[in-house]
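What follows is the content of work-v5.tsv, which has TSV, C-alpha atoms:
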```
chain	number	residue	atom	x	y	z
A	188	MET	CA	-70.60	-4.58	0.04
A	189	ILE	CA	-68.08	-6.54	-1.95
A	190	CYS	CA	-65.19	-4.37	-3.13
A	191	ARG	CA	-62.98	-5.65	-5.93
A	192	THR	CA	-59.55	-4.53	-4.81
A	193	SER	CA	-56.44	-4.75	-6.97
A	194	ILE	CA	-52.94	-4.56	-5.60
A	195	PHE	CA	-50.01	-3.88	-7.94
A	196	ILE	CA	-46.58	-4.66	-6.49
A	197	GLU	CA	-43.31	-3.72	-8.15
A	198	LEU	CA	-39.66	-3.54	-7.18
A	199	GLN	CA	-38.52	-0.16	-5.88
A	200	GLU	CA	-36.43	2.06	-8.15
A	201	GLY	CA	-32.80	1.03	-7.91
A	202	VAL	CA	-33.52	-2.59	-6.94
A	203	LEU	CA	-32.21	-4.94	-9.63
A	204	ASP	CA	-35.18	-6.30	-11.60
A	205	ILE	CA	-33.49	-9.24	-13.27
A	206	GLN	CA	-36.77	-10.69	-14.53
A	207	GLY	CA	-37.64	-7.35	-16.14
A	208	LYS	CA	-34.20	-7.33	-17.81
A	209	ALA	CA	-34.75	-10.86	-19.14
A	210	VAL	CA	-38.15	-9.89	-20.58
A	211	GLU	CA	-36.60	-6.77	-22.10
A	212	ARG	CA	-33.87	-8.82	-23.81
A	213	SER	CA	-36.28	-11.51	-25.01
A	214	LEU	CA	-38.62	-8.96	-26.58
A	215	ALA	CA	-35.67	-7.26	-28.26
A	216	SER	CA	-34.46	-10.60	-29.63
A	217	LEU	CA	-37.93	-11.13	-31.17
A	218	GLY	CA	-37.47	-7.88	-33.04
A	219	HIS	CA	-39.53	-5.60	-30.79
A	220	ASP	CA	-37.20	-2.65	-31.15
A	221	THR	CA	-39.58	-0.23	-29.42
A	222	VAL	CA	-38.94	-1.69	-25.96
A	223	ARG	CA	-36.94	0.74	-23.85
A	224	SER	CA	-37.48	-1.05	-20.55
A	225	ALA	CA	-39.57	-3.78	-18.92
A	226	LYS	CA	-40.52	-4.30	-15.30
A	227	VAL	CA	-41.93	-7.49	-13.82
A	228	GLY	CA	-44.15	-7.22	-10.77
A	229	LYS	CA	-47.10	-8.91	-9.10
A	230	TYR	CA	-50.82	-8.38	-9.33
A	231	ILE	CA	-53.09	-9.55	-6.53
A	232	GLN	CA	-56.87	-9.28	-6.78
A	233	LEU	CA	-59.02	-9.47	-3.67
A	234	ARG	CA	-62.76	-9.38	-3.14
A	235	LEU	CA	-63.24	-7.70	0.22
A	236	GLU	CA	-66.44	-7.56	2.24
A	237	CYS	CA	-66.25	-3.99	3.51
A	238	GLU	CA	-68.55	-1.09	4.35
A	239	SER	CA	-67.09	1.16	1.69
A	240	PRO	CA	-64.36	1.30	-0.96
A	241	GLU	CA	-62.38	3.54	1.38
A	242	ALA	CA	-62.56	0.89	4.11
A	243	ALA	CA	-61.46	-1.71	1.55
A	244	ARG	CA	-58.42	0.39	0.66
A	245	LYS	CA	-57.44	0.72	4.34
A	246	GLU	CA	-57.86	-3.02	4.82
A	247	ALA	CA	-55.73	-3.76	1.72
A	248	GLU	CA	-53.02	-1.40	2.97
A	249	ARG	CA	-52.88	-3.33	6.23
A	250	MET	CA	-52.58	-6.59	4.26
A	251	CYS	CA	-49.69	-5.14	2.27
A	252	ASP	CA	-47.91	-4.24	5.51
A	253	ASP	CA	-48.66	-7.61	7.11
A	254	LEU	CA	-47.70	-9.95	4.28
A	255	LEU	CA	-48.15	-8.95	0.68
A	256	VAL	CA	-45.29	-6.45	0.29
A	257	ASN	CA	-41.67	-6.51	1.45
A	258	ASN	CA	-40.96	-2.82	1.98
A	259	VAL	CA	-37.19	-3.39	1.82
A	260	ILE	CA	-37.39	-4.04	-1.94
A	261	GLU	CA	-40.95	-3.45	-3.10
A	262	GLN	CA	-43.58	-0.73	-3.47
A	263	PHE	CA	-47.28	-1.02	-4.17
A	264	ARG	CA	-50.38	0.75	-5.39
A	265	ILE	CA	-54.00	-0.13	-4.71
A	266	GLU	CA	-57.05	0.31	-6.89
A	267	VAL	CA	-60.55	-0.24	-5.49
A	268	GLU	CA	-63.47	-0.53	-7.92
A	269	GLY	CA	-66.16	2.07	-7.26
A	270	GLU	CA	-63.85	4.39	-5.35
B	72	MET	CA	-26.94	-28.04	24.12
B	73	ASN	CA	-30.43	-28.64	22.75
B	74	THR	CA	-31.09	-27.80	19.12
B	75	ALA	CA	-34.50	-27.25	17.55
B	76	VAL	CA	-34.95	-27.42	13.78
B	77	VAL	CA	-38.15	-25.76	12.58
B	78	VAL	CA	-39.99	-27.62	9.83
B	79	PHE	CA	-42.24	-25.68	7.46
B	80	PRO	CA	-44.36	-27.24	4.70
B	81	GLY	CA	-41.80	-27.44	1.88
B	82	SER	CA	-38.67	-27.49	4.05
B	83	ASN	CA	-36.35	-30.11	2.54
B	84	CYS	CA	-33.05	-29.74	4.40
B	85	ASP	CA	-34.47	-30.32	7.89
B	86	GLN	CA	-33.37	-33.96	8.07
B	87	ASP	CA	-29.93	-33.13	6.66
B	88	VAL	CA	-29.27	-30.44	9.23
B	89	MET	CA	-30.61	-32.56	12.09
B	90	HIS	CA	-28.30	-35.36	10.99
B	91	ALA	CA	-25.28	-33.05	10.59
B	92	VAL	CA	-25.69	-31.49	14.06
B	93	ALA	CA	-26.48	-34.75	15.86
B	94	GLU	CA	-23.70	-36.64	14.08
B	95	THR	CA	-21.04	-33.96	14.58
B	96	LEU	CA	-21.88	-33.00	18.14
B	97	GLY	CA	-23.75	-35.96	19.57
B	98	THR	CA	-26.28	-33.58	21.09
B	99	LYS	CA	-30.07	-33.66	21.11
B	100	VAL	CA	-31.85	-32.25	18.08
B	101	TYR	CA	-35.62	-31.80	17.93
B	102	ALA	CA	-37.86	-31.15	14.95
B	103	VAL	CA	-40.49	-28.48	15.58
B	104	TRP	CA	-43.50	-28.23	13.28
B	105	HIS	CA	-44.27	-24.68	12.16
B	106	ARG	CA	-47.74	-24.69	13.73
B	107	GLU	CA	-46.33	-25.05	17.24
B	108	THR	CA	-46.51	-21.89	19.31
B	109	SER	CA	-43.53	-22.61	21.53
B	110	LEU	CA	-40.10	-24.20	21.31
B	111	PRO	CA	-39.22	-27.33	23.31
B	112	GLU	CA	-38.24	-26.41	26.87
B	113	GLY	CA	-34.51	-25.86	27.21
B	114	THR	CA	-33.92	-25.05	23.54
B	115	ASP	CA	-30.52	-23.37	23.14
B	116	PHE	CA	-30.04	-23.28	19.40
B	117	VAL	CA	-32.74	-22.81	16.74
B	118	ILE	CA	-32.19	-23.60	13.08
B	119	LEU	CA	-34.44	-22.59	10.18
B	120	PRO	CA	-33.50	-25.07	7.45
B	121	GLY	CA	-33.32	-24.77	3.68
B	122	GLY	CA	-36.06	-25.74	1.29
B	123	PHE	CA	-39.02	-24.16	-0.42
B	124	SER	CA	-41.33	-23.27	2.43
B	125	PHE	CA	-44.89	-22.74	1.20
B	126	GLY	CA	-43.68	-23.39	-2.34
B	127	ASP	CA	-41.77	-20.08	-2.37
B	128	TYR	CA	-45.13	-18.48	-3.22
B	129	LEU	CA	-45.47	-14.70	-3.01
B	130	ARG	CA	-41.81	-14.24	-1.94
B	131	CYS	CA	-39.30	-16.82	-0.71
B	132	GLY	CA	-39.76	-17.20	3.04
B	133	ALA	CA	-42.61	-14.67	3.28
B	134	MET	CA	-45.27	-17.03	4.53
B	135	ALA	CA	-42.94	-19.06	6.73
B	136	ALA	CA	-41.94	-15.80	8.44
B	137	ARG	CA	-45.60	-15.43	9.52
B	138	SER	CA	-45.99	-19.02	10.76
B	139	PRO	CA	-47.26	-19.50	14.34
B	140	VAL	CA	-43.89	-20.81	15.62
B	141	MET	CA	-42.04	-17.72	14.43
B	142	LYS	CA	-43.17	-15.63	17.39
B	143	ALA	CA	-41.35	-18.00	19.73
B	144	VAL	CA	-38.36	-18.18	17.36
B	145	SER	CA	-38.21	-14.41	17.18
B	146	ASN	CA	-38.42	-14.09	20.98
B	147	HIS	CA	-35.61	-16.63	21.31
B	148	GLY	CA	-33.45	-14.53	18.97
B	149	LYS	CA	-34.34	-11.25	20.66
B	150	ARG	CA	-33.42	-12.73	24.05
B	151	GLY	CA	-29.95	-13.45	22.64
B	152	GLY	CA	-30.55	-17.13	21.87
B	153	LEU	CA	-28.60	-18.70	19.01
B	154	LEU	CA	-30.57	-18.58	15.78
B	155	LEU	CA	-29.39	-19.77	12.39
B	156	GLY	CA	-31.11	-19.54	9.02
B	157	ILE	CA	-29.71	-21.58	6.13
B	158	CYS	CA	-30.77	-20.77	2.55
B	159	ASN	CA	-34.58	-20.58	2.74
B	160	GLY	CA	-34.06	-20.07	6.50
B	161	PHE	CA	-31.96	-16.99	5.72
B	162	GLN	CA	-34.77	-15.70	3.50
B	163	VAL	CA	-37.20	-16.25	6.40
B	164	LEU	CA	-34.94	-14.29	8.78
B	165	THR	CA	-34.85	-11.29	6.42
B	166	GLU	CA	-38.60	-11.55	5.82
B	167	CYS	CA	-39.32	-11.29	9.54
B	168	GLY	CA	-36.84	-8.46	9.97
B	169	LEU	CA	-34.46	-10.32	12.29
B	170	LEU	CA	-31.73	-9.72	9.70
B	171	PRO	CA	-31.47	-6.73	7.35
B	172	GLY	CA	-31.83	-6.82	3.56
B	173	ALA	CA	-33.59	-9.20	1.19
B	174	LEU	CA	-32.80	-12.02	-1.24
B	175	LEU	CA	-33.65	-11.48	-4.91
B	176	PRO	CA	-33.56	-13.94	-7.84
B	177	ASN	CA	-30.01	-14.83	-8.91
B	178	ARG	CA	-28.71	-12.45	-11.56
B	179	THR	CA	-28.58	-15.27	-14.11
B	180	LEU	CA	-32.15	-16.32	-13.25
B	181	ASP	CA	-30.75	-19.87	-12.93
B	182	PHE	CA	-31.18	-22.17	-10.00
B	183	ILE	CA	-27.56	-22.73	-8.97
B	184	CYS	CA	-26.58	-25.98	-7.24
B	185	ARG	CA	-22.85	-26.51	-6.84
B	186	PRO	CA	-19.98	-26.40	-4.36
B	187	CYS	CA	-18.85	-22.87	-3.55
B	188	LEU	CA	-15.78	-21.37	-1.94
B	189	LEU	CA	-16.36	-18.93	0.87
B	190	LYS	CA	-14.05	-16.64	2.79
B	191	VAL	CA	-14.68	-16.47	6.52
B	192	GLU	CA	-14.61	-12.74	7.24
B	193	ASN	CA	-15.71	-12.61	10.86
B	194	VAL	CA	-14.59	-15.17	13.42
B	195	SER	CA	-16.00	-13.37	16.46
B	196	THR	CA	-19.42	-14.95	16.02
B	197	PRO	CA	-20.51	-18.05	17.94
B	198	PHE	CA	-20.93	-19.78	14.57
B	199	THR	CA	-17.41	-19.16	13.32
B	200	SER	CA	-15.20	-19.07	16.43
B	201	LEU	CA	-13.15	-22.12	15.40
B	202	PHE	CA	-12.39	-20.86	11.88
B	203	SER	CA	-9.43	-18.59	11.27
B	204	ARG	CA	-10.00	-15.14	9.81
B	205	GLY	CA	-9.72	-15.24	6.02
B	206	GLN	CA	-9.96	-19.04	5.94
B	207	ILE	CA	-11.40	-20.41	2.72
B	208	VAL	CA	-14.04	-23.09	3.17
B	209	GLN	CA	-16.26	-25.01	0.79
B	210	PHE	CA	-20.00	-25.26	1.34
B	211	PRO	CA	-22.44	-26.04	-1.48
B	212	ILE	CA	-25.10	-23.59	-2.59
B	213	ALA	CA	-28.50	-24.60	-3.98
B	214	HIS	CA	-30.80	-21.66	-4.58
B	215	GLY	CA	-32.74	-19.65	-7.12
B	216	ASP	CA	-33.06	-16.51	-4.99
B	217	GLY	CA	-29.71	-15.82	-3.38
B	218	LEU	CA	-28.83	-12.34	-4.56
B	219	TYR	CA	-28.43	-10.48	-1.28
B	220	THR	CA	-29.41	-6.85	-1.48
B	221	LEU	CA	-29.97	-3.93	0.82
B	222	PRO	CA	-29.97	-0.14	0.45
B	223	GLU	CA	-26.52	1.46	-0.01
B	224	ASP	CA	-26.42	3.15	3.42
B	225	GLU	CA	-27.45	-0.05	5.20
B	226	LEU	CA	-24.87	-2.03	3.23
B	227	LYS	CA	-22.22	0.39	4.42
B	228	SER	CA	-23.29	0.08	8.03
B	229	LEU	CA	-23.40	-3.73	7.72
B	230	GLU	CA	-19.82	-3.72	6.40
B	231	ASP	CA	-18.67	-1.14	8.98
B	232	ARG	CA	-19.91	-3.22	11.89
B	233	ASN	CA	-18.25	-6.35	10.44
B	234	GLY	CA	-21.65	-7.98	9.91
B	235	VAL	CA	-20.54	-9.91	6.83
B	236	VAL	CA	-19.47	-13.37	8.00
B	237	PHE	CA	-19.08	-15.27	4.71
B	238	ARG	CA	-18.20	-13.94	1.28
B	239	TYR	CA	-18.10	-15.87	-2.01
B	240	CYS	CA	-14.48	-16.09	-3.15
B	241	GLY	CA	-12.15	-17.70	-5.66
B	242	SER	CA	-9.48	-20.28	-4.82
B	243	ASP	CA	-7.01	-17.43	-4.23
B	244	GLY	CA	-9.39	-15.84	-1.74
B	245	GLY	CA	-10.26	-13.03	-4.14
B	246	THR	CA	-13.78	-11.67	-3.73
B	247	GLY	CA	-14.17	-10.14	-7.18
B	248	ASP	CA	-17.20	-10.41	-9.42
B	249	ALA	CA	-15.87	-13.57	-11.11
B	250	ALA	CA	-16.25	-15.41	-7.79
B	251	ASN	CA	-19.80	-14.14	-7.26
B	252	PRO	CA	-22.26	-16.90	-8.24
B	253	ASN	CA	-25.52	-14.99	-7.90
B	254	GLY	CA	-24.83	-11.25	-8.02
B	255	SER	CA	-25.00	-10.64	-4.25
B	256	ALA	CA	-23.94	-7.19	-3.07
B	257	ASN	CA	-20.22	-7.29	-2.17
B	258	ASN	CA	-20.19	-11.10	-2.73
B	259	ILE	CA	-22.13	-11.51	0.53
B	260	ALA	CA	-23.00	-15.13	1.34
B	261	GLY	CA	-23.81	-14.81	5.05
B	262	ILE	CA	-24.41	-12.10	7.64
B	263	VAL	CA	-24.86	-11.77	11.39
B	264	ASN	CA	-27.00	-9.33	13.40
B	265	SER	CA	-25.32	-6.64	15.54
B	266	ALA	CA	-25.75	-8.65	18.74
B	267	GLY	CA	-23.95	-11.56	17.06
B	268	ASN	CA	-26.46	-14.31	17.89
B	269	ILE	CA	-28.49	-14.47	14.66
B	270	LEU	CA	-26.80	-15.65	11.49
B	271	GLY	CA	-28.17	-16.19	8.01
B	272	LEU	CA	-26.32	-17.70	5.07
B	273	MET	CA	-27.26	-19.02	1.64
B	274	PRO	CA	-24.66	-21.86	1.45
B	275	HIS	CA	-25.33	-25.14	3.24
B	276	PRO	CA	-22.88	-26.11	6.02
B	277	GLU	CA	-24.97	-29.25	6.67
B	278	ARG	CA	-24.12	-30.49	3.18
B	279	ALA	CA	-20.42	-30.16	3.97
B	280	SER	CA	-20.42	-32.10	7.21
B	281	ASP	CA	-19.47	-35.54	5.95
B	282	PRO	CA	-16.56	-36.62	3.70
B	283	LEU	CA	-19.05	-38.83	1.84
B	284	LEU	CA	-20.71	-35.65	0.62
B	285	GLY	CA	-17.47	-34.07	-0.51
B	286	GLY	CA	-16.31	-32.05	2.46
B	287	GLU	CA	-16.16	-31.54	6.20
B	288	ASP	CA	-15.77	-27.76	6.56
B	289	GLY	CA	-19.33	-27.59	7.87
B	290	ARG	CA	-18.33	-29.59	10.93
B	291	ILE	CA	-16.19	-26.64	12.09
B	292	PHE	CA	-19.35	-24.54	11.97
B	293	TRP	CA	-21.28	-26.86	14.33
B	294	LYS	CA	-18.26	-27.34	16.57
B	295	SER	CA	-17.89	-23.56	16.88
B	296	VAL	CA	-21.45	-23.26	18.16
B	297	PHE	CA	-20.87	-26.12	20.57
B	298	SER	CA	-17.58	-24.71	21.85
B	299	VAL	CA	-18.93	-21.21	22.45
B	300	PHE	CA	-21.98	-22.66	24.14
B	301	HIS	CA	-19.92	-24.79	26.50
B	302	LYS	CA	-17.61	-21.96	27.40
B	303	GLY	CA	-20.72	-20.24	28.72
B	304	GLY	CA	-20.52	-17.64	25.96
B	305	LEU	CA	-24.25	-17.85	25.39
```
For the file at hand, write its structure as structure tokens.
Amino acid sequence: MICRTSIFIELQEGVLDIQGKAVERSLASLGHDTVRSAKVGKYIQLRLECESPEAARKEAERMCDDLLVNNVIEQFRIEVEGE
Amino acid sequence: MNTAVVVFPGSNCDQDVMHAVAETLGTKVYAVWHRETSLPEGTDFVILPGGFSFGDYLRCGAMAARSPVMKAVSNHGKRGGLLLGICNGFQVLTECGLLPGALLPNRTLDFICRPCLLKVENVSTPFTSLFSRGQIVQFPIAHGDGLYTLPEDELKSLEDRNGVVFRYCGSDGGTGDAANPNGSANNIAGIVNSAGNILGLMPHPERASDPLLGGEDGRIFWKSVFSVFHKGGL
């Protein structure tokens, strides 16, 4: 089956998110006074040919370890459709 | 002394560094394409050059760190062979875990390209043996992601073991925030591993190896490597 797998990557707490800060300031300068903070991360969508959504999640976790995530500065969360 | 410069798609300082090493030392320098699975026989010194390998996609240096040649490069470093990463090469070294920490976007979010003063903090490395401790040198920087970061406890252990080799400084040698171009932790511009054979730095010594380009401090860097090598140090 094809499993639509989404990977959300963000900087770990405490790691300077300078892009998030820039977005925060820009929104404030446009008058959006509700913004208390902004974080900028990455979103990667994969279509995986796997036996089950659970297998797709395991596969995606391995991909995060192998390439997609730098665990020195980033953290991630995975969502698999149909899980 | 045989030098190998690894070329990734998007490397753009490979020719500069090959020229600087060959011109300064008169030694053989080979280019090695990233798809190779071994280094030329008799390679003593490996350099990962600056540039934008794989377009800086995903994270700077992330894909280059997984290139076929990197297994051989990593083995060379783990065996104690001399390994240098400049700018994007430094990012590659952190991405493959041969050096600690990571490089984040500059705090100003600008790409910064200008000469920079650096304080040489550690002269016991093969790359800095001919500098004097505390010497101020000028190498240019040219990067968008040069903010060196690592967790607090690791930063402390890096400092404690004298792993910081170059620090951004002012003309008086001060290493305060005003002399920090990109927001790097403790003004760090270059670090060495505990064994002392793997060095990564954001500034470009190869762009300071000819008076025509505004400076020759980089030549001391190459001559240090050469001198240590010929004393049988490595």
Interface list for chain B, partner chain A, 10 Å threshold, only C-alpha atoms, as a PyMOL selection string: chain B and resi 129-130+133-134+136-137+165-168+171-180+218+220-222+254
Tell me, as a short mmCIF file (atom, residue, chain, number, x, y, z; two decimals) with C-alpha atoms, keeping the file's coordinate frame, which residues lie within 12 Å of Pro139 of chain B, counting all atoms listed in the file; anything in the same chain fewer than 3 positions away does not count.
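Full text of part.cif as output:
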```cif
data_model
loop_
_atom_site.label_atom_id
_atom_site.label_comp_id
_atom_site.auth_asym_id
_atom_site.auth_seq_id
_atom_site.Cartn_x
_atom_site.Cartn_y
_atom_site.Cartn_z
CA VAL B 77 -38.15 -25.76 12.58
CA VAL B 78 -39.99 -27.62 9.83
CA PHE B 79 -42.24 -25.68 7.46
CA VAL B 103 -40.49 -28.48 15.58
CA TRP B 104 -43.50 -28.23 13.28
CA HIS B 105 -44.27 -24.68 12.16
CA ARG B 106 -47.74 -24.69 13.73
CA GLU B 107 -46.33 -25.05 17.24
CA THR B 108 -46.51 -21.89 19.31
CA SER B 109 -43.53 -22.61 21.53
CA LEU B 110 -40.10 -24.20 21.31
CA MET B 134 -45.27 -17.03 4.53
CA ALA B 135 -42.94 -19.06 6.73
CA ALA B 136 -41.94 -15.80 8.44
CA LYS B 142 -43.17 -15.63 17.39
CA ALA B 143 -41.35 -18.00 19.73
CA VAL B 144 -38.36 -18.18 17.36
CA SER B 145 -38.21 -14.41 17.18
#
```
Contacts of Cys237 of chain A at 9 Å (all atoms listed in the file; same-chain gap of 2+ positions) as a PyMOL selection string: chain A and resi 188-190+235+239-243+246
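Every protein, DNA or RNA residue with an atom at most 7 Å from Leu272 of chain B, where all atoms listed in the file count and chain neighbours fewer than 5 positions away do not, is listed here: Gly156, Ile157, Cys158, Phe161, Ala260, Gly261 and Ile262 of chain B.
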Distance of atom CA of Asp127 of chain B from atom CA of Leu284 of chain B, expressed in Å to one decimal place: 26.4 Å
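Residues in contact with His275 of chain B at up to 9 Å, not including ones fewer than 6 positions away on its chain and judged by all atoms listed in the file, are Val88, Gly121, Ile157, Cys158, Phe210, Pro211, Ile212, Ala213 and Gly289 of chain B.
Using only C-alpha atoms, the shortest contact distance between Met89 of chain B and any of B:Ser195, B:Thr74, B:Ser138, B:Thr246 is found at B:Thr74.
Minimum distance to Arg244 of chain A across A:Val227, A:Ser216, A:Glu266, A:Glu261 (counting only C-alpha atoms) occurs at A:Glu266.
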Residues within 7 Å of segment 291-295 of chain B, all atoms listed in the file, excluding chain neighbours under 3 positions, as a PyMOL selection string: chain B and resi 92+96+197-202+288+298-299
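Between atom CA of Asn258 of chain B and atom CA of Ser124 of chain B the interatomic distance comes to 24.9 Å.
Here atom CA of Glu211 of chain A and atom CA of Ala225 of chain A stand 5.3 Å from one another.
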Neighbour residues at most 12 Å from (-22.7, -23.4, -3.7) (all atoms listed in the file) as a VMD selection string: chain B and resid 158 182 to 189 208 to 215 217 238 to 240 250 to 253 260 272 to 276 278 to 279
